[in-house]
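Structure file run.pdb (PDB, C-alpha atoms, pLDDT in the B column) follows.
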```
ATOM      1  CA  MET C   1     -61.907 -47.096  -6.113  1.00 33.00           C
ATOM      2  CA  SER C   2     -63.749 -50.026  -4.591  1.00 37.00           C
ATOM      3  CA  ASN C   3     -65.267 -49.587  -1.162  1.00 40.00           C
ATOM      4  CA  ASN C   4     -64.252 -53.168  -0.433  1.00 43.00           C
ATOM      5  CA  LEU C   5     -60.655 -51.985  -0.261  1.00 43.00           C
ATOM      6  CA  ALA C   6     -61.402 -49.234   2.240  1.00 52.00           C
ATOM      7  CA  GLN C   7     -60.043 -49.580   5.762  1.00 65.00           C
ATOM      8  CA  MET C   8     -62.880 -50.194   8.229  1.00 78.00           C
ATOM      9  CA  ALA C   9     -62.561 -49.169  11.876  1.00 83.00           C
ATOM     10  CA  PRO C  10     -62.150 -52.192  14.176  1.00 83.00           C
ATOM     11  CA  MET C  11     -64.886 -53.766  16.246  1.00 86.00           C
ATOM     12  CA  PRO C  12     -65.108 -52.536  19.842  1.00 86.00           C
ATOM     13  CA  VAL C  13     -63.417 -54.738  22.440  1.00 82.00           C
ATOM     14  CA  HIS C  14     -65.220 -55.032  25.777  1.00 85.00           C
ATOM     15  CA  GLY C  15     -67.326 -57.456  27.791  1.00 80.00           C
ATOM     16  CA  ASN C  16     -70.668 -56.298  26.405  1.00 84.00           C
ATOM     17  CA  THR C  17     -70.032 -57.811  22.977  1.00 85.00           C
ATOM     18  CA  ASP C  18     -71.224 -61.176  24.335  1.00 87.00           C
ATOM     19  CA  ASP C  19     -74.378 -59.675  25.818  1.00 89.00           C
ATOM     20  CA  PRO C  20     -77.536 -60.689  23.871  1.00 92.00           C
ATOM     21  CA  LEU C  21     -79.030 -57.200  24.233  1.00 91.00           C
ATOM     22  CA  TRP C  22     -75.838 -55.548  22.931  1.00 93.00           C
ATOM     23  CA  ARG C  23     -75.754 -57.924  19.958  1.00 93.00           C
ATOM     24  CA  LYS C  24     -79.434 -57.287  19.224  1.00 93.00           C
ATOM     25  CA  LEU C  25     -78.855 -53.518  19.143  1.00 94.00           C
ATOM     26  CA  TRP C  26     -75.635 -53.888  17.113  1.00 95.00           C
ATOM     27  CA  ASN C  27     -77.455 -55.951  14.494  1.00 95.00           C
ATOM     28  CA  ALA C  28     -80.498 -53.680  14.522  1.00 95.00           C
ATOM     29  CA  TYR C  29     -78.430 -50.563  13.770  1.00 96.00           C
ATOM     30  CA  GLU C  30     -75.791 -52.287  11.621  1.00 96.00           C
ATOM     31  CA  PRO C  31     -76.416 -50.033   8.563  1.00 96.00           C
ATOM     32  CA  ILE C  32     -75.523 -46.925  10.610  1.00 97.00           C
ATOM     33  CA  ILE C  33     -72.633 -48.644  12.391  1.00 97.00           C
ATOM     34  CA  THR C  34     -71.067 -49.972   9.192  1.00 96.00           C
ATOM     35  CA  ALA C  35     -71.339 -46.585   7.481  1.00 96.00           C
ATOM     36  CA  LEU C  36     -69.595 -44.901  10.440  1.00 96.00           C
ATOM     37  CA  ARG C  37     -66.889 -47.581  10.577  1.00 93.00           C
ATOM     38  CA  ARG C  38     -66.158 -46.879   6.904  1.00 90.00           C
ATOM     39  CA  ILE C  39     -65.455 -43.175   7.612  1.00 91.00           C
ATOM     40  CA  PRO C  40     -63.579 -44.780   9.600  1.00 89.00           C
ATOM     41  CA  LEU C  41     -64.804 -44.147  13.160  1.00 93.00           C
ATOM     42  CA  VAL C  42     -64.627 -46.697  15.966  1.00 92.00           C
ATOM     43  CA  THR C  43     -68.316 -47.243  16.670  1.00 96.00           C
ATOM     44  CA  ASP C  44     -70.091 -48.931  19.549  1.00 96.00           C
ATOM     45  CA  VAL C  45     -73.508 -49.538  21.067  1.00 95.00           C
ATOM     46  CA  GLU C  46     -73.823 -47.862  24.449  1.00 91.00           C
ATOM     47  CA  ILE C  47     -76.119 -49.317  27.102  1.00 86.00           C
ATOM     48  CA  SER C  48     -76.154 -47.146  30.212  1.00 74.00           C
ATOM     49  CA  GLY C  49     -78.878 -46.741  32.809  1.00 71.00           C
ATOM     50  CA  GLY C  50     -81.511 -48.083  30.475  1.00 70.00           C
ATOM     51  CA  MET C  51     -80.440 -45.662  27.734  1.00 77.00           C
ATOM     52  CA  PHE C  52     -79.471 -47.052  24.328  1.00 91.00           C
ATOM     53  CA  GLY C  53     -77.423 -45.170  21.750  1.00 94.00           C
ATOM     54  CA  VAL C  54     -74.699 -45.501  19.147  1.00 96.00           C
ATOM     55  CA  THR C  55     -71.349 -43.846  19.875  1.00 96.00           C
ATOM     56  CA  ALA C  56     -68.547 -42.988  17.462  1.00 96.00           C
ATOM     57  CA  GLN C  57     -65.098 -42.067  18.758  1.00 95.00           C
ATOM     58  CA  LEU C  58     -63.360 -38.974  17.332  1.00 95.00           C
ATOM     59  CA  THR C  59     -59.625 -38.354  17.111  1.00 92.00           C
ATOM     60  CA  ASP C  60     -59.553 -35.597  19.763  1.00 93.00           C
ATOM     61  CA  GLY C  61     -61.042 -37.830  22.471  1.00 93.00           C
ATOM     62  CA  SER C  62     -64.591 -36.576  22.032  1.00 96.00           C
ATOM     63  CA  HIS C  63     -67.375 -38.730  20.641  1.00 96.00           C
ATOM     64  CA  LEU C  64     -70.681 -38.608  18.804  1.00 97.00           C
ATOM     65  CA  TRP C  65     -73.826 -39.790  20.579  1.00 96.00           C
ATOM     66  CA  ILE C  66     -76.513 -40.941  18.165  1.00 97.00           C
ATOM     67  CA  SER C  67     -79.999 -41.335  19.557  1.00 96.00           C
ATOM     68  CA  SER C  68     -83.577 -40.582  18.548  1.00 95.00           C
ATOM     69  CA  ALA C  69     -86.262 -38.380  20.116  1.00 91.00           C
ATOM     70  CA  GLU C  70     -85.086 -40.084  23.311  1.00 89.00           C
ATOM     71  CA  GLU C  71     -82.878 -43.198  23.380  1.00 91.00           C
ATOM     72  CA  LEU C  72     -82.730 -45.537  20.405  1.00 93.00           C
ATOM     73  CA  PRO C  73     -85.533 -48.113  20.522  1.00 92.00           C
ATOM     74  CA  LEU C  74     -84.791 -51.820  20.249  1.00 90.00           C
ATOM     75  CA  ASP C  75     -86.759 -51.871  16.991  1.00 92.00           C
ATOM     76  CA  PRO C  76     -85.330 -49.474  14.339  1.00 93.00           C
ATOM     77  CA  GLU C  77     -88.841 -49.219  12.856  1.00 93.00           C
ATOM     78  CA  GLU C  78     -89.816 -47.221  15.969  1.00 94.00           C
ATOM     79  CA  VAL C  79     -87.123 -44.571  15.491  1.00 95.00           C
ATOM     80  CA  GLU C  80     -88.542 -41.020  15.424  1.00 95.00           C
ATOM     81  CA  GLY C  81     -85.717 -39.357  13.541  1.00 97.00           C
ATOM     82  CA  PHE C  82     -82.072 -39.149  14.627  1.00 97.00           C
ATOM     83  CA  HIS C  83     -80.391 -36.827  17.100  1.00 97.00           C
ATOM     84  CA  VAL C  84     -76.576 -36.558  16.989  1.00 98.00           C
ATOM     85  CA  ARG C  85     -74.458 -34.610  19.457  1.00 97.00           C
ATOM     86  CA  ARG C  86     -70.719 -34.281  19.938  1.00 97.00           C
ATOM     87  CA  ALA C  87     -69.631 -34.578  23.571  1.00 95.00           C
ATOM     88  CA  HIS C  88     -66.533 -35.245  25.670  1.00 94.00           C
ATOM     89  CA  GLU C  89     -66.539 -37.177  28.942  1.00 90.00           C
ATOM     90  CA  ASP C  90     -63.776 -35.032  30.485  1.00 90.00           C
ATOM     91  CA  THR C  91     -64.660 -31.673  28.906  1.00 91.00           C
ATOM     92  CA  PRO C  92     -68.282 -30.650  29.525  1.00 89.00           C
ATOM     93  CA  THR C  93     -67.860 -27.501  27.409  1.00 91.00           C
ATOM     94  CA  ILE C  94     -67.665 -29.718  24.309  1.00 93.00           C
ATOM     95  CA  ASP C  95     -71.349 -30.146  23.617  1.00 94.00           C
ATOM     96  CA  GLU C  96     -72.687 -29.353  20.163  1.00 96.00           C
ATOM     97  CA  LEU C  97     -75.503 -30.471  17.939  1.00 97.00           C
ATOM     98  CA  VAL C  98     -74.409 -32.205  14.729  1.00 97.00           C
ATOM     99  CA  TYR C  99     -77.732 -33.381  13.276  1.00 98.00           C
ATOM    100  CA  ASP C 100     -81.365 -33.504  14.340  1.00 98.00           C
ATOM    101  CA  SER C 101     -84.079 -35.085  12.207  1.00 98.00           C
ATOM    102  CA  THR C 102     -86.535 -35.616  15.071  1.00 97.00           C
ATOM    103  CA  GLU C 103     -89.979 -34.014  14.830  1.00 95.00           C
ATOM    104  CA  ASP C 104     -88.931 -30.477  15.846  1.00 94.00           C
ATOM    105  CA  GLY C 105     -85.324 -30.736  14.680  1.00 96.00           C
ATOM    106  CA  GLU C 106     -83.544 -28.632  12.077  1.00 96.00           C
ATOM    107  CA  HIS C 107     -83.389 -31.617   9.713  1.00 97.00           C
ATOM    108  CA  SER C 108     -86.832 -33.029  10.484  1.00 97.00           C
ATOM    109  CA  GLN C 109     -87.649 -33.317   6.777  1.00 97.00           C
ATOM    110  CA  HIS C 110     -85.219 -36.263   6.571  1.00 97.00           C
ATOM    111  CA  GLY C 111     -86.871 -38.296   9.323  1.00 96.00           C
ATOM    112  CA  ASN C 112     -85.408 -41.800   9.476  1.00 96.00           C
ATOM    113  CA  ASN C 113     -83.499 -41.515   6.174  1.00 96.00           C
ATOM    114  CA  LEU C 114     -79.971 -42.776   6.818  1.00 97.00           C
ATOM    115  CA  VAL C 115     -78.330 -41.105   3.803  1.00 97.00           C
ATOM    116  CA  PRO C 116     -78.521 -37.477   5.034  1.00 97.00           C
ATOM    117  CA  LEU C 117     -77.622 -38.673   8.537  1.00 97.00           C
ATOM    118  CA  ILE C 118     -74.352 -40.230   7.378  1.00 97.00           C
ATOM    119  CA  GLN C 119     -73.667 -37.338   4.992  1.00 97.00           C
ATOM    120  CA  ALA C 120     -74.034 -34.829   7.831  1.00 97.00           C
ATOM    121  CA  ILE C 121     -71.734 -36.812  10.142  1.00 97.00           C
ATOM    122  CA  THR C 122     -69.151 -37.294   7.390  1.00 95.00           C
ATOM    123  CA  ALA C 123     -69.159 -33.579   6.550  1.00 96.00           C
ATOM    124  CA  PHE C 124     -68.883 -32.625  10.237  1.00 96.00           C
ATOM    125  CA  VAL C 125     -65.917 -34.862  11.095  1.00 95.00           C
ATOM    126  CA  THR C 126     -64.156 -34.068   7.808  1.00 92.00           C
ATOM    127  CA  GLU C 127     -64.449 -30.303   8.259  1.00 94.00           C
ATOM    128  CA  ARG C 128     -63.229 -30.531  11.867  1.00 93.00           C
ATOM    129  CA  HIS C 129     -60.505 -33.093  11.050  1.00 92.00           C
ATOM    130  CA  LEU C 130     -61.957 -35.408  13.697  1.00 93.00           C
ATOM    131  CA  ALA C 131     -61.718 -38.658  11.704  1.00 88.00           C
ATOM    132  CA  PRO C 132     -58.575 -40.721  11.077  1.00 83.00           C
ATOM    133  CA  ARG C 133     -56.896 -39.892   7.775  1.00 76.00           C
ATOM    134  CA  LEU C 134     -56.956 -42.619   5.116  1.00 73.00           C
ATOM    135  CA  VAL C 135     -53.786 -43.328   3.140  1.00 77.00           C
ATOM    136  CA  ASP C 136     -53.794 -45.327  -0.091  1.00 80.00           C
ATOM    137  CA  LEU C 137     -51.594 -48.422  -0.301  1.00 87.00           C
ATOM    138  CA  VAL C 138     -49.953 -49.092  -3.666  1.00 92.00           C
ATOM    139  CA  SER C 139     -47.872 -52.026  -4.895  1.00 94.00           C
ATOM    140  CA  VAL C 140     -45.822 -52.712  -8.022  1.00 95.00           C
ATOM    141  CA  GLN C 141     -47.034 -55.849  -9.791  1.00 95.00           C
ATOM    142  CA  ILE C 142     -46.326 -57.890 -12.920  1.00 95.00           C
ATOM    143  CA  GLN C 143     -48.924 -59.976 -14.735  1.00 95.00           C
ATOM    144  CA  GLY C 144     -48.150 -61.887 -17.901  1.00 95.00           C
ATOM    145  CA  VAL C 145     -48.248 -64.988 -20.079  1.00 94.00           C
ATOM    146  CA  SER C 146     -45.269 -67.232 -20.815  1.00 92.00           C
ATOM    147  CA  ALA C 147     -44.315 -68.519 -24.267  1.00 89.00           C
ATOM    148  CA  LYS C 148     -45.991 -71.788 -23.229  1.00 90.00           C
ATOM    149  CA  HIS C 149     -49.217 -69.908 -22.456  1.00 90.00           C
ATOM    150  CA  GLN C 150     -48.802 -70.259 -18.697  1.00 92.00           C
ATOM    151  CA  PRO C 151     -49.860 -67.355 -16.418  1.00 92.00           C
ATOM    152  CA  MET C 152     -47.133 -65.330 -14.758  1.00 89.00           C
ATOM    153  CA  SER C 153     -47.789 -63.204 -11.686  1.00 91.00           C
ATOM    154  CA  GLN C 154     -45.384 -61.412  -9.372  1.00 88.00           C
ATOM    155  CA  LEU C 155     -45.627 -58.848  -6.594  1.00 86.00           C
ATOM    156  CA  VAL C 156     -42.482 -56.817  -7.226  1.00 88.00           C
ATOM    157  CA  GLN C 157     -42.570 -54.531  -4.188  1.00 86.00           C
ATOM    158  CA  GLY C 158     -45.057 -53.112  -1.730  1.00 87.00           C
ATOM    159  CA  PRO C 159     -47.418 -52.153  -0.459  1.00 90.00           C
ATOM    160  CA  PHE C 160     -46.232 -48.562  -0.199  1.00 91.00           C
ATOM    161  CA  ASP C 161     -48.089 -45.783   1.621  1.00 88.00           C
ATOM    162  CA  ASP C 162     -46.183 -43.270  -0.543  1.00 88.00           C
ATOM    163  CA  ARG C 163     -47.114 -43.405  -4.227  1.00 87.00           C
ATOM    164  CA  HIS C 164     -43.924 -41.549  -5.201  1.00 90.00           C
ATOM    165  CA  ALA C 165     -41.898 -44.369  -3.647  1.00 92.00           C
ATOM    166  CA  ALA C 166     -44.025 -46.887  -5.554  1.00 93.00           C
ATOM    167  CA  VAL C 167     -43.433 -45.045  -8.845  1.00 94.00           C
ATOM    168  CA  LYS C 168     -39.692 -45.078  -8.153  1.00 94.00           C
ATOM    169  CA  GLU C 169     -39.782 -48.841  -7.533  1.00 95.00           C
ATOM    170  CA  TYR C 170     -41.820 -49.240 -10.725  1.00 95.00           C
ATOM    171  CA  GLY C 171     -38.977 -47.511 -12.577  1.00 95.00           C
ATOM    172  CA  TYR C 172     -36.462 -49.987 -11.149  1.00 95.00           C
ATOM    173  CA  ALA C 173     -38.672 -52.926 -12.191  1.00 95.00           C
ATOM    174  CA  THR C 174     -39.094 -51.759 -15.783  1.00 96.00           C
ATOM    175  CA  HIS C 175     -35.386 -50.910 -16.070  1.00 96.00           C
ATOM    176  CA  ASP C 176     -34.583 -54.461 -14.955  1.00 95.00           C
ATOM    177  CA  LEU C 177     -36.841 -55.869 -17.685  1.00 95.00           C
ATOM    178  CA  MET C 178     -35.096 -53.714 -20.277  1.00 95.00           C
ATOM    179  CA  GLN C 179     -31.693 -54.917 -19.078  1.00 96.00           C
ATOM    180  CA  ARG C 180     -32.858 -58.517 -19.500  1.00 95.00           C
ATOM    181  CA  GLY C 181     -33.876 -58.006 -23.117  1.00 96.00           C
ATOM    182  CA  TRP C 182     -37.567 -57.209 -22.793  1.00 96.00           C
ATOM    183  CA  ARG C 183     -39.042 -54.686 -25.258  1.00 97.00           C
ATOM    184  CA  CYS C 184     -41.704 -52.153 -24.267  1.00 97.00           C
ATOM    185  CA  ILE C 185     -44.638 -52.308 -26.704  1.00 96.00           C
ATOM    186  CA  HIS C 186     -47.191 -50.149 -24.868  1.00 97.00           C
ATOM    187  CA  GLU C 187     -47.076 -47.385 -22.249  1.00 96.00           C
ATOM    188  CA  GLN C 188     -49.759 -45.357 -20.464  1.00 95.00           C
ATOM    189  CA  GLY C 189     -50.542 -43.549 -17.212  1.00 92.00           C
ATOM    190  CA  GLY C 190     -47.557 -41.205 -17.045  1.00 90.00           C
ATOM    191  CA  PHE C 191     -46.188 -40.687 -13.528  1.00 88.00           C
ATOM    192  CA  GLU C 192     -49.593 -40.968 -11.848  1.00 87.00           C
ATOM    193  CA  TRP C 193     -50.559 -44.608 -12.488  1.00 92.00           C
ATOM    194  CA  PRO C 194     -47.918 -45.951 -14.927  1.00 95.00           C
ATOM    195  CA  LEU C 195     -48.541 -49.155 -16.833  1.00 97.00           C
ATOM    196  CA  THR C 196     -46.349 -50.738 -19.508  1.00 97.00           C
ATOM    197  CA  VAL C 197     -46.622 -53.899 -21.602  1.00 97.00           C
ATOM    198  CA  TRP C 198     -43.424 -55.803 -22.440  1.00 97.00           C
ATOM    199  CA  GLU C 199     -42.549 -58.590 -24.913  1.00 96.00           C
ATOM    200  CA  ARG C 200     -39.655 -61.048 -25.158  1.00 95.00           C
ATOM    201  CA  ASN C 201     -39.456 -64.245 -27.225  1.00 93.00           C
ATOM    202  CA  GLY C 202     -43.199 -64.824 -27.246  1.00 92.00           C
ATOM    203  CA  GLU C 203     -43.704 -63.867 -23.618  1.00 95.00           C
ATOM    204  CA  VAL C 204     -45.827 -60.854 -22.651  1.00 96.00           C
ATOM    205  CA  ALA C 205     -45.772 -59.030 -19.296  1.00 96.00           C
ATOM    206  CA  THR C 206     -47.644 -56.043 -17.916  1.00 97.00           C
ATOM    207  CA  VAL C 207     -46.008 -53.964 -15.174  1.00 97.00           C
ATOM    208  CA  TYR C 208     -48.270 -51.588 -13.263  1.00 96.00           C
ATOM    209  CA  LEU C 209     -49.103 -49.850 -10.014  1.00 94.00           C
ATOM    210  CA  ALA C 210     -52.039 -51.437  -8.203  1.00 91.00           C
ATOM    211  CA  HIS C 211     -54.193 -49.886  -5.509  1.00 86.00           C
ATOM    212  CA  VAL C 212     -54.338 -52.585  -2.813  1.00 83.00           C
ATOM    213  CA  GLY C 213     -56.216 -50.904   0.018  1.00 77.00           C
ATOM    214  CA  GLN C 214     -56.067 -48.157   2.627  1.00 69.00           C
ATOM    215  CA  VAL C 215     -54.765 -47.686   6.154  1.00 69.00           C
ATOM    216  CA  THR C 216     -55.444 -45.019   8.743  1.00 68.00           C
ATOM    217  CA  ALA C 217     -52.720 -42.482   9.514  1.00 62.00           C
TER     218      ALA C 217
END
```

Conversion result in structure tokens:
Amino acid sequence: MSNNLAQMAPMPVHGNTDDPLWRKLWNAYEPIITALRRIPLVTDVEISGGMFGVTAQLTDGSHLWISSAEELPLDPEEVEGFHVRRAHEDTPTIDELVYDSTEDGEHSQHGNNLVPLIQAITAFVTERHLAPRLVDLVSVQIQGVSAKHQPMSQLVQGPFDDRHAAVKEYGYATHDLMQRGWRCIHEQGGFEWPLTVWERNGEVATVYLAHVGQVTA
């Protein structure tokens, strides 16, 4: 499954996005931000009282605060490990450590390595069900070649967020081909990802289910 098809959390919408300092921090920590948006978590750069950090919103109204030994420096090269806490603006009792790779932290051996940072955050929000759920989108498509060697392409139905509904529509599409005199010459995929190749009077068509992306549920 290509990551390019994955739903990415939207950009934050507020007045700071035009601020040069906000943009500088956003660009500086883009690798972390993009990875979090692919989870997908709505991610932002927080500038408050001279403190800089990256925030990621969770589905229960709490958020992750990502900093370093203190706040995040303007230059990522000056980061001294990462410190991640879960907090809630309206519920002070929600305050827990997620990851700490600063000098005296539990994960200090990882230092500034982004891979274990993102892995730890992903595992935390997945286990707690604090990230939006991703649902695959599937469509029924036909690709083929006419008797005059011209390409044929058709989106039959979709996208569907229920693969069973897509398989049912696939059945209708192939039945229609059969009714119109097409002959099935190849079949694979069963009921999971069915694909069939059809022939009629020198024309060839492939009917299949295609994964076309993801949405959050």

Running the PyMOL selection byres ((chain C and resi 156) around 7) on this model by hand, what would come out? Give it as a PyMOL selection string.
chain C and resi 140-142+154-155+157

Residues matched by the PyMOL selection byres ((chain C and resi 72) around 12), written as a PyMOL selection string:
chain C and resi 25-26+28-29+45-48+50-55+65-71+73-84+102+112

Result set, the PyMOL selection byres ((chain C and resi 60) around 10) on current file, as a PyMOL selection string:
chain C and resi 57-59+61-63+88+129-131

Centre, x/y/z edge lengths, axis-aligned box for range 60-64 of chain C with 8 Å per side, as lines of an AutoDock Vina configuration file:
```
center_x = -65.1
center_y = -37.2
center_z = 20.6
size_x = 27.1
size_y = 19.1
size_z = 19.7
```

Residues at most 9 Å from range 199-207 of chain C, counting all atoms listed in the file, excluding those fewer than 5 positions away in the same chain, as a PyMOL selection string?
chain C and resi 140-149+152-153+170+173-174+181-185+194

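The two atoms in question, CA of Gly111 in chain C and CA of Thr126 in chain C, are spaced 23.2 Å apart.
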
His14 in chain C surroundings by all atoms listed in the file, 12 Å radius, close-in-sequence under 3 positions cut, as a list of chain:residue names
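Returned residues: C:Met11, C:Thr17, C:Asp18, C:Asp19, C:Trp22, C:Asp44, C:Val45, C:Glu46.
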
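Between Glu187 in chain C and the candidates C:Glu30, C:Tyr208, C:Ala165, C:Tyr172, the tightest atom-to-atom separation, counting only C-alpha atoms, involves C:Tyr208.
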
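The gap separating CA of Thr34 in chain C from CA of Tyr99 in chain C is 18.3 Å, in Å to one decimal.
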
Within 7 Å of Arg38 in chain C, counting only C-alpha atoms, which residues show up once you throw out same-chain ones fewer than 2 positions away? Write them as a list in words, please.
Gln7, Met8, Ala9, Thr34, Ala35, Leu36, Pro40 and Leu41 of chain C

Ile121 in chain C: which residues within 8 Å, counting all atoms listed in the file, same-chain residues fewer than 4 positions away excluded, as a compact mmCIF listing (two decimals) with C-alpha atoms, in the coordinates of the input?
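The resulting file, result.txt, is reproduced below:
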```
# COMPACT_ATOMS: atom_id res chain seq x y z
CA VAL C 98 -74.41 -32.20 14.73
CA TYR C 99 -77.73 -33.38 13.28
CA LEU C 117 -77.62 -38.67 8.54
CA VAL C 125 -65.92 -34.86 11.10
```

Long-range neighbours of His211 in chain C as a ChimeraX atom specification, 7 Å cut-off, only C-alpha atoms, 3 positions minimum in chain:
/C:137-139

What does the structure give for the distance between CA of Leu64 in chain C and CA of Glu106 in chain C, in Å to one decimal?
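Separating CA of Leu64 in chain C from CA of Glu106 in chain C is a distance of 17.6 Å.
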
Check the smallest atom-to-atom distance from each of C:Pro12, C:Ala120, C:Glu169, C:Gly190 to Ser101 in chain C using all atoms listed in the file, then report the winner.
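Looking only at the distances to Ser101 in chain C, the closest residue turns out to be C:Ala120.
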